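I have placed the structure first, in the form of structure tokens, so that the comments after it can refer back to it.
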Amino acid sequence: MAGPRRQVARYVLAAAAVLVVAAGLSFGPRALVRHRLAAGTVAPRMYVTAPRERAELLLSDGTHVRLAPGSRLRVGADFGFDRRDVQLDGLAYFDVKHDRRRPFTVFARNASAVDIGTQFVVRAYAEDSVVQVAVRSGAVVFSGVGRLLAGDLGQLKPDGRVQRWHGVSIDSLLDWFNGRLAYRDAPLGRVLQDIRRWYDVDARVADLDLAALPFTGVLTEESSGAVVDRVAATLGLTVRRDSTGVVLQAVAGRTPNAGTSTRRRARFAEPLPVPRRR
């Protein structure tokens, strides 16, 4: 099967809704069925991307959103009145039309991010151990972390612990716009979760200890088989394919320990980059 190259289908909704561009990733477009809403319709809206799909949304206030595969964005029924609230489960990029009278807020699990004239990315998949926000331009107030400026990345854990970094190459975080997934010392378990979302292939490890192996590399628009083989080769693993999916197994004398870095093409760490502290 081919990798995540785009095919585009367009759905135009009335003024109260959004413009949706669903990008089925080269396996053929998966339709995002939308109802045509009359102008002035007041109803919550949910936008969902399946595995291999990306979506581009133009909200009624002029804000642009890009959704990665396996993501959900809920737009509140009162969006655009006193507030502009959305709820995210997954990975999304926001280019917000700032309006200080109506703040734009992204709620994700135990976190919220409020724009101050901003382009930013939020990652908050249910399987992730943290919520992360990175700012491309402008500023964001990230709950618990505080004010983030361009080039800043913040991280909030379920127990409330926070971390932040400065001077991050934000554009490198957005390689997924072009179907590129880049990692630096990312746990193999996290990489396999991304492969399920982006390539719709059930890849897993034979031994749970292998999920902690650190992977560094760039996955591009390849077939799902080639992607799994590349990850396995980098980590000294072998691949077994059967009717239940794909299983990665250790090879005596070749597979490194979980604490050993396999860094080759350093780009960014999991689930968004975790750069060095400054």
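FYI, nothing fancy with the structure tokens labels: chains A, B, ... in order, residues from 1 per chain, ligands from 1 as they appear.
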Long-range neighbours of Leu210 (chain A) as an MDAnalysis selection string, 10 Å cut-off, only C-alpha atoms, 5 positions minimum in chain: chainID A and resid 187:189 204:205 235 237 248:250 255:258
With the cut-off set at 10 Å and counting only C-alpha atoms, tabulate each residue of region 67-86 of chain A with an atom at most that distance from an atom of region 116-126 of chain A, showing the nearest atom pair and its distance in Å to one decimal, ordered by chain and increasing number, as a tab-separated table.
```
residue	atom	partner	partner_atom	distance
A:Leu67	CA	A:Val121	CA	10.0
A:Ala68	CA	A:Arg123	CA	9.6
A:Gly70	CA	A:Tyr125	CA	8.5
A:Ser71	CA	A:Tyr125	CA	7.6
A:Arg72	CA	A:Tyr125	CA	9.4
```
Between CA of Val86 (chain A) and CA of Ala108 (chain A), what is the distance in Å, rounded to a tenth? 8.8 Å
Given only C-alpha atoms, how would the per-residue table for region 178-269 of chain A near region 91-100 of chain A read, listing every residue at most 12 Å away with its closest atom pair and distance in Å to one decimal, sorted by chain and number, as a tab-separated table?
```
residue	atom	partner	partner_atom	distance
A:Asp194	CA	A:Leu91	CA	10.8
A:Arg197	CA	A:Leu91	CA	11.0
A:Trp198	CA	A:Leu91	CA	11.9
```
Region 149-235 of chain A: which residues are helix (DSSP H, G or I) by DSSP, as a PyMOL selection string? chain A and resi 170-173+175-178+188-199+208-212+224-234
Figure out the distance between CA of Val231 (chain A) and CA of Asp171 (chain A), please, to one decimal in Å. 23.4 Å
Within 10 Å of region 161-163 of chain A, counting only C-alpha atoms, which residues show up once you throw out same-chain ones fewer than 6 positions away? Write them as number ranges by chain, please. A: 130-132, 143-146, 153-155, 274, 277
Given the selection you just returned, output its residues as a file containing all heavy atoms, formatted as a CSV table (one decimal), in the first residue's frame.
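New file again.csv:
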```
chain,number,residue,atom,x,y,z
A,130,VAL,N,1.2,13.1,27.9
A,130,VAL,CA,1.2,14.5,28.2
A,130,VAL,C,0.4,15.2,27.1
A,130,VAL,O,0.1,14.7,26.0
A,130,VAL,CB,2.6,15.1,28.2
A,130,VAL,CG1,3.5,14.4,29.2
A,130,VAL,CG2,3.3,14.9,26.8
A,131,VAL,N,0.1,16.5,27.4
A,131,VAL,CA,-0.5,17.4,26.4
A,131,VAL,C,0.6,18.4,26.1
A,131,VAL,O,1.3,18.9,27.0
A,131,VAL,CB,-1.7,18.2,26.9
A,131,VAL,CG1,-2.2,19.2,25.9
A,131,VAL,CG2,-2.8,17.2,27.3
A,132,GLN,N,0.8,18.6,24.8
A,132,GLN,CA,1.9,19.5,24.4
A,132,GLN,C,1.4,20.6,23.5
A,132,GLN,O,0.5,20.4,22.6
A,132,GLN,CB,3.0,18.8,23.6
A,132,GLN,CG,3.8,17.9,24.6
A,132,GLN,CD,5.1,17.3,23.9
A,132,GLN,OE1,5.0,17.0,22.7
A,132,GLN,NE2,6.1,17.2,24.7
A,143,SER,N,-2.4,26.4,30.1
A,143,SER,CA,-2.7,26.2,31.5
A,143,SER,C,-1.6,25.5,32.2
A,143,SER,O,-1.1,24.5,31.8
A,143,SER,CB,-4.0,25.4,31.6
A,143,SER,OG,-3.9,24.2,30.9
A,144,GLY,N,-1.2,26.0,33.4
A,144,GLY,CA,-0.2,25.5,34.2
A,144,GLY,C,1.2,25.9,33.8
A,144,GLY,O,2.1,26.0,34.6
A,145,VAL,N,1.4,26.1,32.5
A,145,VAL,CA,2.7,26.4,32.0
A,145,VAL,C,2.9,27.9,31.9
A,145,VAL,O,4.0,28.4,32.2
A,145,VAL,CB,2.9,25.8,30.6
A,145,VAL,CG1,4.3,26.1,30.0
A,145,VAL,CG2,2.7,24.3,30.6
A,146,GLY,N,1.8,28.6,31.5
A,146,GLY,CA,1.9,30.1,31.4
A,146,GLY,C,2.0,30.5,30.0
A,146,GLY,O,1.6,29.8,29.1
A,153,LEU,N,7.8,25.7,23.5
A,153,LEU,CA,7.0,24.4,23.6
A,153,LEU,C,6.8,24.1,25.1
A,153,LEU,O,7.7,24.2,25.9
A,153,LEU,CB,7.8,23.3,23.0
A,153,LEU,CG,7.1,21.9,22.9
A,153,LEU,CD1,7.6,21.1,21.7
A,153,LEU,CD2,7.4,21.1,24.2
A,154,GLY,N,5.5,23.9,25.4
A,154,GLY,CA,5.1,23.5,26.8
A,154,GLY,C,4.5,22.2,26.8
A,154,GLY,O,3.9,21.7,25.9
A,155,GLN,N,4.6,21.6,28.0
A,155,GLN,CA,4.1,20.2,28.2
A,155,GLN,C,3.5,20.1,29.6
A,155,GLN,O,4.0,20.6,30.6
A,155,GLN,CB,5.3,19.3,28.2
A,155,GLN,CG,5.0,17.8,28.5
A,155,GLN,CD,6.2,16.9,28.3
A,155,GLN,OE1,6.7,16.6,27.2
A,155,GLN,NE2,6.9,16.5,29.4
A,274,VAL,N,11.0,17.0,22.1
A,274,VAL,CA,11.5,17.4,23.5
A,274,VAL,C,12.9,17.8,23.3
A,274,VAL,O,13.8,17.0,23.4
A,274,VAL,CB,11.3,16.2,24.5
A,274,VAL,CG1,11.8,16.7,25.8
A,274,VAL,CG2,9.9,15.7,24.5
A,277,ARG,N,17.1,21.5,27.2
A,277,ARG,CA,16.7,22.7,27.9
A,277,ARG,C,17.7,23.8,27.7
A,277,ARG,O,18.9,23.6,27.4
A,277,ARG,CB,16.8,22.3,29.4
A,277,ARG,CG,15.7,21.4,29.9
A,277,ARG,CD,15.8,21.2,31.4
A,277,ARG,NE,14.7,20.4,31.9
A,277,ARG,CZ,13.5,20.8,32.1
A,277,ARG,NH1,13.2,22.1,31.9
A,277,ARG,NH2,12.5,20.0,32.5
```
Enumerate as a PyMOL selection string all residues of region 8-252 of chain A assigned to strand (DSSP E or B) by DSSP on the backbone, naming them with the chain letters and numbers the document uses. chain A and resi 8-12+19-25+45-48+53-58+64-67+72-75+79+83-95+104-108+111-115+119-124+131-137+139-142+146-149+153-156+162-165+181-187+203-205+214-219+237-242+245-250
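Closest approach to Val75 (chain A) from the set A:Tyr183, A:Trp165, A:Phe107, A:Tyr199 is made by A:Phe107, with distances taken over only C-alpha atoms.
CA of Ser60 (chain A) to CA of Gly80 (chain A) spans 7.6 Å [interatomic distance, one decimal].
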